[in-house]
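Structure record follows, encoded as structure tokens.
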Amino acid sequence: MTGLTPLLVDTLFPNGIGHYALGGLLIGLGTAIIYLGTGIIAGASTFLESTLSYVSDLPRFNKAKYVASRNWRVVFTLSIVAGAALYTVTLGDGWWVSDVQPWRFAVGGVLVGIGTRIGKGCTSGHGVCGVGSRSRTSFVNVATFMLVAIGVAQLMSALGVSP
């Protein structure tokens with residue numbers, strides 16, 4: 001059985017697992033720092049509501065929890081974008097390395113945004129922090145995210161949709 005494990009790992013991860021492990025450690029460290037520093041579970045989906053509290057007088061965007069957390073949420077979200085840009089410039093293969101058209105990314109982003117509001121959280125909040133803290137709601141949400149994503153991918157493939 002032990003001879004099968006390295007073969008399986010090599011098959012599933014042909015480029016190795018080191019960079020995935022490093023990424024996981026950095027994500028875990030970041031979420032731990034946010035939680036220890038603020039007492040709030042890190043998540044990117046609340047960014048819009050908390051940021052709109054700067055410019056909107058609507059009660060929905062001016063809830064105390066949004067106003068109190070908006071500064072670090074802006075830094076958190078901009079850091080995600082800056083980290084990706086820094087990687088792309090220093091180690092990446094260029095600015096656009098996908099065969100997927102930009103409009104498809106835009107439509108997907110809107111759908112993900114709607115889904116995070118319906119699911120009351122995103123993959124960073126539920127998948128990293130919620131599952132890590134053994135939240136039943138987060139386990140259900142992550143399972144739902146995955147099942148829907150797999151189902152949509154299979155449907156698109158069956159319909160002949162490709163990048």
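In the structure tokens, chains take letters A, B, ... by order of appearance, with residues numbered from 1 within each chain and ligands from 1 in the order shown.
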Quick one: residues within 10 Å of range 160-162 of chain A, only C-alpha atoms counted, chain neighbours fewer than 6 positions away excluded, as a list in words? Asp99, Val100, Ala153 and Gln154 of chain A
Taking 3 positions as the minimum chain separation for residues in the same chain, which residues sit within 10 Å of Trp72 in chain A when counting only C-alpha atoms? Answer as a count of residues only. 11
Measuring atom to atom with only C-alpha atoms, identify which of A:Leu26, A:Leu159, A:Val89, A:Cys122 is nearest to Thr46 in chain A. A:Cys122
Selected residue, from A:Thr31, A:Ser98, A:Ser53, A:Asn71, that lies nearest to Ser133 in chain A when counting only C-alpha atoms: A:Thr31
A:Ala106, A:Leu111, A:Cys129, A:Ala64 ranked by distance to Ile27 in chain A, top pick (using only C-alpha atoms): A:Cys129
